[in-house]
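J.: My structure is in my_file_39.pdb, and what it holds is PDB, C-alpha atoms:
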```pdb
ATOM      1  CA  MET A   1      -7.018   1.522   5.229
ATOM      2  CA  GLN A   2      -6.662   4.144   7.935
ATOM      3  CA  LYS A   3      -8.849   7.121   8.819
ATOM      4  CA  ILE A   4      -6.599   9.489  10.729
ATOM      5  CA  THR A   5      -6.934  12.670  12.787
ATOM      6  CA  ARG A   6      -4.421  15.481  12.314
ATOM      7  CA  LEU A   7      -3.172  15.358  15.882
ATOM      8  CA  ALA A   8      -2.905  11.550  15.931
ATOM      9  CA  LYS A   9      -5.256  11.140  18.877
ATOM     10  CA  LYS A  10      -6.946   8.198  17.198
ATOM     11  CA  TYR A  11      -7.442   6.381  13.929
ATOM     12  CA  THR A  12      -9.783   3.725  12.689
ATOM     13  CA  ILE A  13      -9.116   0.883  10.266
ATOM     14  CA  ARG A  14     -11.594   0.299   7.451
ATOM     15  CA  LYS A  15     -11.604  -2.729   5.157
ATOM     16  CA  THR A  16     -12.197  -1.950   1.494
ATOM     17  CA  THR A  17     -11.059  -2.991  -1.987
ATOM     18  CA  PHE A  18      -8.303  -1.287  -3.936
ATOM     19  CA  ARG A  19     -10.821  -0.566  -6.717
ATOM     20  CA  GLU A  20     -13.151   1.197  -4.274
ATOM     21  CA  TYR A  21     -10.334   3.250  -2.771
ATOM     22  CA  VAL A  22      -9.052   4.372  -6.200
ATOM     23  CA  SER A  23     -12.625   5.272  -7.161
ATOM     24  CA  ASP A  24     -12.851   7.439  -4.023
ATOM     25  CA  LEU A  25      -9.564   9.147  -4.959
ATOM     26  CA  ILE A  26     -10.774   9.910  -8.472
ATOM     27  CA  ASP A  27     -14.032  11.319  -7.096
ATOM     28  CA  GLU A  28     -12.120  13.225  -4.366
ATOM     29  CA  ASN A  29     -15.049  12.541  -2.060
ATOM     30  CA  SER A  30     -15.174  12.997   1.715
ATOM     31  CA  ARG A  31     -14.174   9.398   2.370
ATOM     32  CA  ALA A  32     -11.031   9.835   0.260
ATOM     33  CA  ARG A  33     -10.152  13.044   2.114
ATOM     34  CA  SER A  34     -10.187  11.265   5.470
ATOM     35  CA  SER A  35      -8.596   7.978   4.376
ATOM     36  CA  TYR A  36      -5.094   6.759   3.667
ATOM     37  CA  LEU A  37      -4.159   3.492   2.001
ATOM     38  CA  ALA A  38      -1.229   2.654   4.255
ATOM     39  CA  VAL A  39       1.228  -0.154   5.026
ATOM     40  CA  GLN A  40       0.223  -2.329   2.070
ATOM     41  CA  SER A  41       2.743  -5.141   1.626
ATOM     42  CA  LEU A  42       4.091  -5.225  -1.930
ATOM     43  CA  LYS A  43       4.844  -8.912  -1.566
ATOM     44  CA  GLN A  44       1.303  -9.830  -0.558
ATOM     45  CA  ALA A  45      -0.913  -7.189  -2.178
ATOM     46  CA  PHE A  46       1.062  -5.954  -5.221
ATOM     47  CA  PRO A  47       3.802  -8.489  -6.086
ATOM     48  CA  GLN A  48       3.837  -7.303  -9.700
ATOM     49  CA  LEU A  49       5.345  -3.979  -8.501
ATOM     50  CA  GLU A  50       8.291  -5.441  -6.582
ATOM     51  CA  ALA A  51      10.655  -5.344  -9.565
ATOM     52  CA  ASP A  52       9.932  -1.609 -10.006
ATOM     53  CA  VAL A  53      11.329  -0.826  -6.560
ATOM     54  CA  PRO A  54      14.800  -2.429  -6.346
ATOM     55  CA  LEU A  55      16.257  -2.293  -2.840
ATOM     56  CA  PRO A  56      19.723  -0.769  -2.349
ATOM     57  CA  ASP A  57      22.488  -3.315  -1.767
ATOM     58  CA  TYR A  58      23.616  -1.465   1.358
ATOM     59  CA  ILE A  59      20.405  -2.209   3.295
ATOM     60  CA  GLY A  60      21.805  -4.345   6.079
ATOM     61  CA  LYS A  61      18.768  -6.185   7.411
ATOM     62  CA  ILE A  62      15.117  -5.768   6.423
ATOM     63  CA  HIS A  63      12.792  -5.343   9.406
ATOM     64  CA  LEU A  64       9.487  -4.773   7.595
ATOM     65  CA  GLY A  65       8.272  -4.058   4.076
ATOM     66  CA  PRO A  66       8.493  -2.921   1.418
ATOM     67  CA  TYR A  67       5.079  -1.237   1.801
ATOM     68  CA  MET A  68       2.994   0.896  -0.551
ATOM     69  CA  TRP A  69       1.188   4.088   0.507
ATOM     70  CA  VAL A  70      -1.446   5.938  -1.583
ATOM     71  CA  ALA A  71      -2.673   9.363  -0.448
ATOM     72  CA  LEU A  72      -4.997  12.042  -1.761
ATOM     73  CA  GLN A  73      -3.518  15.489  -2.407
ATOM     74  CA  GLY A  74      -3.359  17.418   0.862
ATOM     75  CA  HIS A  75      -3.221  14.363   3.112
ATOM     76  CA  TYR A  76      -1.386  15.226   6.363
ATOM     77  CA  GLU A  77       0.354  12.317   8.049
ATOM     78  CA  TYR A  78       0.733  13.003  11.767
ATOM     79  CA  CYS A  79       4.222  13.718  13.083
ATOM     80  CA  HIS A  80       5.737  10.570  14.586
ATOM     81  CA  PHE A  81       8.852   8.460  14.822
ATOM     82  CA  ASP A  82       9.393   4.817  13.868
ATOM     83  CA  PRO A  83      11.655   2.320  15.651
ATOM     84  CA  ASP A  84      13.464   1.435  12.400
ATOM     85  CA  ASP A  85      15.650   3.104   9.795
ATOM     86  CA  ASN A  86      13.472   3.919   6.814
ATOM     87  CA  PHE A  87      13.752   4.634   3.097
ATOM     88  CA  LEU A  88      10.839   6.559   1.576
ATOM     89  CA  VAL A  89      10.636   6.276  -2.230
ATOM     90  CA  MET A  90       8.329   8.420  -4.386
ATOM     91  CA  ILE A  91       6.684   6.613  -7.304
ATOM     92  CA  GLN A  92       4.133   9.231  -8.385
ATOM     93  CA  GLY A  93       3.370  12.736  -7.147
ATOM     94  CA  ARG A  94       5.264  14.778  -4.572
ATOM     95  CA  LYS A  95       5.475  14.671  -0.793
ATOM     96  CA  GLN A  96       6.679  17.340   1.595
ATOM     97  CA  VAL A  97       8.740  15.910   4.428
ATOM     98  CA  ARG A  98       9.736  17.593   7.690
ATOM     99  CA  LEU A  99      12.388  15.954   9.887
ATOM    100  CA  PHE A 100      12.931  17.081  13.478
ATOM    101  CA  GLY A 101      15.674  14.842  14.854
ATOM    102  CA  CYS A 102      15.041  12.621  17.867
ATOM    103  CA  ASP A 103      14.601  15.138  20.703
ATOM    104  CA  ILE A 104      11.675  14.364  23.017
ATOM    105  CA  GLU A 105      11.206  17.597  24.971
ATOM    106  CA  THR A 106      10.543  19.820  21.960
ATOM    107  CA  MET A 107       8.090  17.455  20.228
ATOM    108  CA  TYR A 108       5.548  16.616  22.976
ATOM    109  CA  PRO A 109       4.927  12.899  22.392
ATOM    110  CA  ASN A 110       1.565  11.419  23.266
ATOM    111  CA  PRO A 111       1.458  10.003  26.816
ATOM    112  CA  LYS A 112       3.119   6.639  27.412
ATOM    113  CA  GLY A 113       0.653   3.842  26.810
ATOM    114  CA  SER A 114      -0.742   5.380  23.623
ATOM    115  CA  LYS A 115      -1.674   2.769  21.043
ATOM    116  CA  GLY A 116       0.405   1.892  18.029
ATOM    117  CA  LYS A 117       3.930   0.823  17.154
ATOM    118  CA  THR A 118       5.053   4.394  16.523
ATOM    119  CA  VAL A 119       5.184   7.326  18.927
ATOM    120  CA  GLN A 120       3.177  10.353  17.772
ATOM    121  CA  SER A 121       3.647  14.037  18.528
ATOM    122  CA  GLN A 122       0.762  16.129  19.849
ATOM    123  CA  VAL A 123       1.918  19.113  17.749
ATOM    124  CA  ASP A 124       0.168  20.132  14.518
ATOM    125  CA  CYS A 125       3.275  21.029  12.517
ATOM    126  CA  ASP A 126       1.278  23.187  10.076
ATOM    127  CA  ASN A 127      -0.285  25.279  12.828
ATOM    128  CA  PRO A 128       1.574  24.685  16.100
ATOM    129  CA  ASP A 129      -0.037  25.981  19.286
ATOM    130  CA  LEU A 130       3.043  27.575  20.841
ATOM    131  CA  ASN A 131       1.167  28.555  23.988
ATOM    132  CA  LYS A 132       0.359  24.892  24.633
ATOM    133  CA  TYR A 133       3.651  23.517  23.259
ATOM    134  CA  PRO A 134       6.228  26.293  23.851
ATOM    135  CA  ASN A 135       9.312  24.043  23.541
ATOM    136  CA  PHE A 136       8.399  23.414  19.900
ATOM    137  CA  ARG A 137       9.993  26.830  19.213
ATOM    138  CA  GLN A 138      13.378  25.160  19.767
ATOM    139  CA  ALA A 139      12.681  22.228  17.413
ATOM    140  CA  GLN A 140      15.105  22.075  14.483
ATOM    141  CA  CYS A 141      13.380  21.249  11.209
ATOM    142  CA  HIS A 142      14.971  19.735   8.097
ATOM    143  CA  TYR A 143      12.661  20.201   5.111
ATOM    144  CA  CYS A 144      12.459  18.769   1.608
ATOM    145  CA  VAL A 145      10.032  17.999  -1.212
ATOM    146  CA  LEU A 146      10.396  14.486  -2.644
ATOM    147  CA  GLN A 147       9.868  14.192  -6.396
ATOM    148  CA  PRO A 148       8.994  11.008  -8.340
ATOM    149  CA  GLY A 149      12.027   8.726  -8.508
ATOM    150  CA  GLU A 150      13.662  10.255  -5.422
ATOM    151  CA  MET A 151      14.398   8.441  -2.171
ATOM    152  CA  LEU A 152      14.834   9.861   1.338
ATOM    153  CA  PHE A 153      16.578   8.210   4.286
ATOM    154  CA  ILE A 154      14.708   8.736   7.576
ATOM    155  CA  PRO A 155      16.830   7.607  10.545
ATOM    156  CA  ALA A 156      15.253   5.467  13.256
ATOM    157  CA  PHE A 157      13.594   7.465  16.057
ATOM    158  CA  TRP A 158      13.686  10.715  14.065
ATOM    159  CA  TRP A 159      10.421  12.638  14.161
ATOM    160  CA  HIS A 160       8.969  13.153  10.700
ATOM    161  CA  GLN A 161       5.799  14.641   9.272
ATOM    162  CA  VAL A 162       4.742  13.958   5.675
ATOM    163  CA  THR A 163       2.164  15.824   3.560
ATOM    164  CA  ALA A 164       1.021  14.743   0.080
ATOM    165  CA  LEU A 165       1.401  17.752  -2.229
ATOM    166  CA  ASP A 166      -0.222  15.733  -5.023
ATOM    167  CA  THR A 167      -2.315  12.582  -5.051
ATOM    168  CA  SER A 168       0.645  10.289  -4.672
ATOM    169  CA  ILE A 169       2.038   6.783  -4.529
ATOM    170  CA  SER A 170       5.099   5.986  -2.445
ATOM    171  CA  VAL A 171       6.914   2.918  -1.157
ATOM    172  CA  ASN A 172       8.959   2.508   1.989
ATOM    173  CA  ILE A 173      11.015  -0.129   3.730
ATOM    174  CA  PHE A 174      11.979  -0.408   7.393
ATOM    175  CA  PHE A 175      15.451  -1.804   8.007
ATOM    176  CA  GLY A 176      18.483  -1.931  10.279
ATOM    177  CA  ASP A 177      22.197  -2.626  10.196
ATOM    178  CA  ALA A 178      23.717  -5.960   9.274
ATOM    179  CA  GLY A 179      24.941  -8.070  12.170
ATOM    180  CA  GLU A 180      23.480  -9.452  15.378
ATOM    181  CA  ASN A 181      23.949  -6.416  17.625
ATOM    182  CA  VAL A 182      24.985  -3.423  15.502
ATOM    183  CA  TYR A 183      21.531  -1.835  15.224
ATOM    184  CA  LEU A 184      20.667  -2.246  18.908
ATOM    185  CA  SER A 185      24.042  -0.820  19.945
ATOM    186  CA  LYS A 186      23.383   2.190  17.718
ATOM    187  CA  ILE A 187      19.953   3.045  19.109
ATOM    188  CA  MET A 188      21.040   2.537  22.739
ATOM    189  CA  LYS A 189      23.515   5.422  22.410
ATOM    190  CA  PRO A 190      22.954   9.197  22.091
ATOM    191  CA  PRO A 191      21.301  10.825  20.285
ATOM    192  CA  ARG A 192      18.695   8.029  19.839
ATOM    193  CA  TRP A 193      18.723   6.623  23.382
ATOM    194  CA  HIS A 194      16.183   9.082  24.824
ATOM    195  CA  ALA A 195      13.662   8.461  22.029
ATOM    196  CA  PHE A 196      14.290   4.694  22.074
ATOM    197  CA  SER A 197      13.728   4.518  25.843
ATOM    198  CA  TYR A 198      10.490   6.515  25.493
ATOM    199  CA  TRP A 199       9.326   4.114  22.780
ATOM    200  CA  LEU A 200      10.206   1.046  24.874
ATOM    201  CA  LEU A 201       8.424   2.429  27.946
ATOM    202  CA  ASN A 202       5.406   3.191  25.762
ATOM    203  CA  VAL A 203       5.315  -0.540  24.926
ATOM    204  CA  VAL A 204       5.621  -1.356  28.641
ATOM    205  CA  GLU A 205       2.739   0.968  29.498
ATOM    206  CA  GLN A 206       0.599  -0.512  26.715
ATOM    207  CA  ASN A 207       0.867  -3.868  28.489
ATOM    208  CA  ARG A 208       0.657  -2.683  32.087
ATOM    209  CA  GLU A 209      -3.028  -3.525  32.536
ATOM    210  CA  CYS A 210      -2.625  -7.048  31.164
ATOM    211  CA  ASP A 211      -3.244  -9.896  33.594
ATOM    212  CA  SER A 212       0.144 -11.345  32.689
ATOM    213  CA  PHE A 213       2.135  -8.138  33.358
ATOM    214  CA  VAL A 214       3.606  -9.236  36.715
ATOM    215  CA  ARG A 215       4.570 -12.584  35.200
ATOM    216  CA  ILE A 216       6.245 -10.726  32.312
ATOM    217  CA  LEU A 217       8.225  -8.597  34.785
ATOM    218  CA  SER A 218       9.336 -11.663  36.715
ATOM    219  CA  ARG A 219      10.913 -13.019  33.490
ATOM    220  CA  LEU A 220      11.973  -9.610  32.154
ATOM    221  CA  PRO A 221      15.537 -10.423  30.973
ATOM    222  CA  GLU A 222      14.277 -13.407  28.981
ATOM    223  CA  VAL A 223      11.259 -11.458  27.676
ATOM    224  CA  LEU A 224      13.496  -8.596  26.512
ATOM    225  CA  GLN A 225      15.776 -10.988  24.632
ATOM    226  CA  GLN A 226      12.792 -12.541  22.857
ATOM    227  CA  PHE A 227      11.259  -9.126  22.143
ATOM    228  CA  LEU A 228      14.438  -7.710  20.595
ATOM    229  CA  MET A 229      14.925 -10.820  18.474
ATOM    230  CA  LYS A 230      11.354 -10.616  17.176
ATOM    231  CA  GLN A 231      11.458  -6.828  16.682
ATOM    232  CA  TRP A 232      14.844  -6.418  14.955
ATOM    233  CA  HIS A 233      16.509  -9.877  14.787
ATOM    234  CA  GLU A 234      19.057  -8.573  17.304
ATOM    235  CA  THR A 235      20.798 -10.419  20.139
ATOM    236  CA  PRO A 236      21.468  -8.104  23.107
ATOM    237  CA  THR A 237      24.529  -8.395  25.319
ATOM    238  CA  ASP A 238      24.075  -9.097  29.027
ATOM    239  CA  GLU A 239      25.057  -5.492  29.736
ATOM    240  CA  GLN A 240      22.388  -4.165  27.362
ATOM    241  CA  VAL A 241      19.745  -6.373  28.962
ATOM    242  CA  ASP A 242      20.781  -5.072  32.399
ATOM    243  CA  VAL A 243      20.425  -1.449  31.214
ATOM    244  CA  LEU A 244      16.941  -2.094  29.807
ATOM    245  CA  VAL A 245      15.821  -4.029  32.879
ATOM    246  CA  GLN A 246      16.924  -1.149  35.107
ATOM    247  CA  LEU A 247      15.122   1.369  32.886
ATOM    248  CA  ILE A 248      11.857  -0.561  33.174
ATOM    249  CA  LEU A 249      12.227  -1.195  36.924
ATOM    250  CA  GLU A 250      12.754   2.514  37.585
ATOM    251  CA  TYR A 251       9.760   3.399  35.428
ATOM    252  CA  CYS A 252       7.569   0.905  37.304
ATOM    253  CA  GLY A 253       8.828   2.129  40.681
ATOM    254  CA  LEU A 254      10.411  -1.228  41.545
ATOM    255  CA  LYS A 255      13.780  -2.009  43.134
ATOM    256  CA  GLU A 256      13.907  -5.596  41.916
ATOM    257  CA  LEU A 257      12.068  -8.004  39.678
ATOM    258  CA  PRO A 258       8.985  -9.587  41.270
ATOM    259  CA  LYS A 259       8.992 -13.276  42.044
ATOM    260  CA  GLU A 260       7.005 -15.328  39.528
ATOM    261  CA  ALA A 261       3.610 -16.296  40.909
ATOM    262  CA  ARG A 262       3.116 -20.036  41.159
TER     263      ARG A 262
END
```
Now that the file is in, can you turn its structure into structure tokens?
T.:
Amino acid sequence: MQKITRLAKKYTIRKTTFREYVSDLIDENSRARSSYLAVQSLKQAFPQLEADVPLPDYIGKIHLGPYMWVALQGHYEYCHFDPDDNFLVMIQGRKQVRLFGCDIETMYPNPKGSKGKTVQSQVDCDNPDLNKYPNFRQAQCHYCVLQPGEMLFIPAFWWHQVTALDTSISVNIFFGDAGENVYLSKIMKPPRWHAFSYWLLNVVEQNRECDSFVRILSRLPEVLQQFLMKQWHETPTDEQVDVLVQLILEYCGLKELPKEAR
């Protein structure tokens, strides 16, 4: 259960029961208005619903999910991008979805090092402050309303903002391409490369204050290979590892990898 601010500056996680959450929704109380039942594994929490959400045969490789999401009417999910391709499926109610592509400059991401697996925008898409975020004027928006039974493809690293027009239930799944290197090759090319590199450097900055950071840098090629295998089940080429190592070295202001401390 997440309690979320509109500008994605912070959120808190609250443990509750499904019965209590549904009761809050029915009452439409203040707790329901500030809460979102999010990222609930169908396999673990609601296995009886799995058969109602058949996955398309053309999904190459599942990364995470499927997950269930339950939101009160009017819930505004902050604008963000995910590091995976994504299918969003409406079960009940309607959701408005805005897609903005994967440009960084127009969307004002939170500073590198911000918590979370996703990267969030600082812009309130309902009421953008164009004095504070002037480049948002150039953002290109693709807009739709998802009806029950409809499914939307959200490409990896595409900014998206979702609002529940009704109290709604939806399911999503994060996935990639079949093969050992197809997905990674795709996201390391334009137009996704800029957003992917921002996301990767956000992960680097999240770990920069860790005691083990220098040791991680000293083993960076090996660490990157393990990270990409765990994240997407992908095996990078030596050339791809070299590109990512150079990206991180430049970001950290280093000319070479540090020697591992003994």
J.: Tell me which residues the PyMOL selection byres ((chain A and resi 76) around 7) grabs here, as a PDB file with C-alpha atoms, in the frame of the given file.
T.:
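The resulting file, part.pdb, is shown below:
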```pdb
ATOM      1  CA  ARG A   6      -4.421  15.481  12.314  1.00  0.00           C
ATOM      2  CA  GLY A  74      -3.359  17.418   0.862  1.00  0.00           C
ATOM      3  CA  HIS A  75      -3.221  14.363   3.112  1.00  0.00           C
ATOM      4  CA  GLU A  77       0.354  12.317   8.049  1.00  0.00           C
ATOM      5  CA  TYR A  78       0.733  13.003  11.767  1.00  0.00           C
ATOM      6  CA  VAL A 162       4.742  13.958   5.675  1.00  0.00           C
ATOM      7  CA  THR A 163       2.164  15.824   3.560  1.00  0.00           C
ATOM      8  CA  ALA A 164       1.021  14.743   0.080  1.00  0.00           C
TER       9      ALA A 164
END
```
J.: Write out as a PDB file with C-alpha atoms, in the frame of the given file each polymer residue whose atoms come within 10 Å of A:Asn202, counting only C-alpha atoms; drop sequence neighbours fewer than 3 positions from it.
T.:
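Generated file (result.pdb):
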```
ATOM      1  CA  ASN A 110       1.565  11.419  23.266  1.00  0.00           C
ATOM      2  CA  PRO A 111       1.458  10.003  26.816  1.00  0.00           C
ATOM      3  CA  LYS A 112       3.119   6.639  27.412  1.00  0.00           C
ATOM      4  CA  GLY A 113       0.653   3.842  26.810  1.00  0.00           C
ATOM      5  CA  SER A 114      -0.742   5.380  23.623  1.00  0.00           C
ATOM      6  CA  LYS A 115      -1.674   2.769  21.043  1.00  0.00           C
ATOM      7  CA  GLY A 116       0.405   1.892  18.029  1.00  0.00           C
ATOM      8  CA  LYS A 117       3.930   0.823  17.154  1.00  0.00           C
ATOM      9  CA  THR A 118       5.053   4.394  16.523  1.00  0.00           C
ATOM     10  CA  VAL A 119       5.184   7.326  18.927  1.00  0.00           C
ATOM     11  CA  PHE A 196      14.290   4.694  22.074  1.00  0.00           C
ATOM     12  CA  SER A 197      13.728   4.518  25.843  1.00  0.00           C
ATOM     13  CA  TYR A 198      10.490   6.515  25.493  1.00  0.00           C
ATOM     14  CA  TRP A 199       9.326   4.114  22.780  1.00  0.00           C
ATOM     15  CA  GLU A 205       2.739   0.968  29.498  1.00  0.00           C
ATOM     16  CA  GLN A 206       0.599  -0.512  26.715  1.00  0.00           C
ATOM     17  CA  ASN A 207       0.867  -3.868  28.489  1.00  0.00           C
ATOM     18  CA  ARG A 208       0.657  -2.683  32.087  1.00  0.00           C
TER      19      ARG A 208
END
```
J.: May I have the protein, DNA and RNA residues with any atom at most 8 Å from the point (7.5, 14.2, -5.0), counting only C-alpha atoms, written as a PyMOL selection string?
T.: chain A and resi 90-96+145-150+165-166+168
J.: Within 7 Å of stretch 133-142 of chain A, counting only C-alpha atoms, which residues show up once you throw out same-chain ones fewer than 2 positions away? Write them as number ranges by chain, please.
T.: A: 98-100, 105-107, 129-131
J.: With C-alpha atoms retained, export the selected residues as a PDB file, in the coordinates of the input.
T.:
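What landed in result-v4.pdb:
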```pdb
ATOM      1  CA  ARG A  98       9.736  17.593   7.690  1.00  0.00           C
ATOM      2  CA  LEU A  99      12.388  15.954   9.887  1.00  0.00           C
ATOM      3  CA  PHE A 100      12.931  17.081  13.478  1.00  0.00           C
ATOM      4  CA  GLU A 105      11.206  17.597  24.971  1.00  0.00           C
ATOM      5  CA  THR A 106      10.543  19.820  21.960  1.00  0.00           C
ATOM      6  CA  MET A 107       8.090  17.455  20.228  1.00  0.00           C
ATOM      7  CA  ASP A 129      -0.037  25.981  19.286  1.00  0.00           C
ATOM      8  CA  LEU A 130       3.043  27.575  20.841  1.00  0.00           C
ATOM      9  CA  ASN A 131       1.167  28.555  23.988  1.00  0.00           C
TER      10      ASN A 131
END
```
J.: Would you mind reading off the distance between atom CA of A:His160 and atom CA of A:Met68, one decimal, in Å?
T.: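 According to the coordinates, atom CA of A:His160 and atom CA of A:Met68 are separated by 17.7 Å.
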J.: Would you compute the distance between atom CA of A:Ala45 and atom CA of A:Glu20? Give it in Å to one decimal.
T.: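 Calculated distance between atom CA of A:Ala45 and atom CA of A:Glu20 is 15.0 Å.
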J.: Extract, using all atoms listed in the file, all DNA, RNA and protein residues at most 9 Å from A:Gln226, discarding same-chain residues fewer than 5 positions from it, and format them as JSON, numbers by chain.
T.: {"A": [221, 231, 235]}
J.: Within 12 Å of A:Gln246, counting only C-alpha atoms, which residues show up once you throw out same-chain ones fewer than 6 positions away? Write them as a VMD selection string, please.
T.: chain A and resid 197 201 217 220 to 221 224 239 to 240 252 to 257
J.: Write the residues of the preceding selection, restricted to C-alpha atoms, as a compact mmCIF listing (two decimals), keeping the file's coordinate frame.
T.:
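Result written to out.txt:
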```txt
# COMPACT_ATOMS: atom_id res chain seq x y z
CA SER A 197 13.73 4.52 25.84
CA LEU A 201 8.42 2.43 27.95
CA LEU A 217 8.22 -8.60 34.78
CA LEU A 220 11.97 -9.61 32.15
CA PRO A 221 15.54 -10.42 30.97
CA LEU A 224 13.50 -8.60 26.51
CA GLU A 239 25.06 -5.49 29.74
CA GLN A 240 22.39 -4.16 27.36
CA CYS A 252 7.57 0.90 37.30
CA GLY A 253 8.83 2.13 40.68
CA LEU A 254 10.41 -1.23 41.54
CA LYS A 255 13.78 -2.01 43.13
CA GLU A 256 13.91 -5.60 41.92
CA LEU A 257 12.07 -8.00 39.68
```
J.: Separation of atom CA of A:Val97 and atom CA of A:His233, in Å?
T.: 28.9 Å
J.: Measuring atom to atom with only C-alpha atoms, identify which of A:Leu37, A:Tyr108, A:Leu88, A:Asn127 is nearest to A:Thr17.
T.: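 The shortest atom-to-atom distance to A:Thr17 comes from A:Leu37.
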J.: Would you mind telling me which residue in A:Gly60, A:Cys102, A:Tyr36, A:Leu25 lies nearest to A:Pro190 when using all atoms listed in the file?
T.: A:Cys102
J.: Please list as JSON, numbers by chain every residue within 9 Å of stretch 172-187 of chain A, counting only C-alpha atoms and excluding residues in the same chain fewer than 2 positions away.
T.: {"A": [39, 55, 59, 60, 61, 62, 63, 64, 65, 66, 67, 68, 69, 82, 83, 84, 85, 86, 87, 88, 89, 90, 156, 157, 170, 189, 190, 191, 192, 193, 195, 196, 228, 232, 233, 234, 235, 236, 237, 240]}
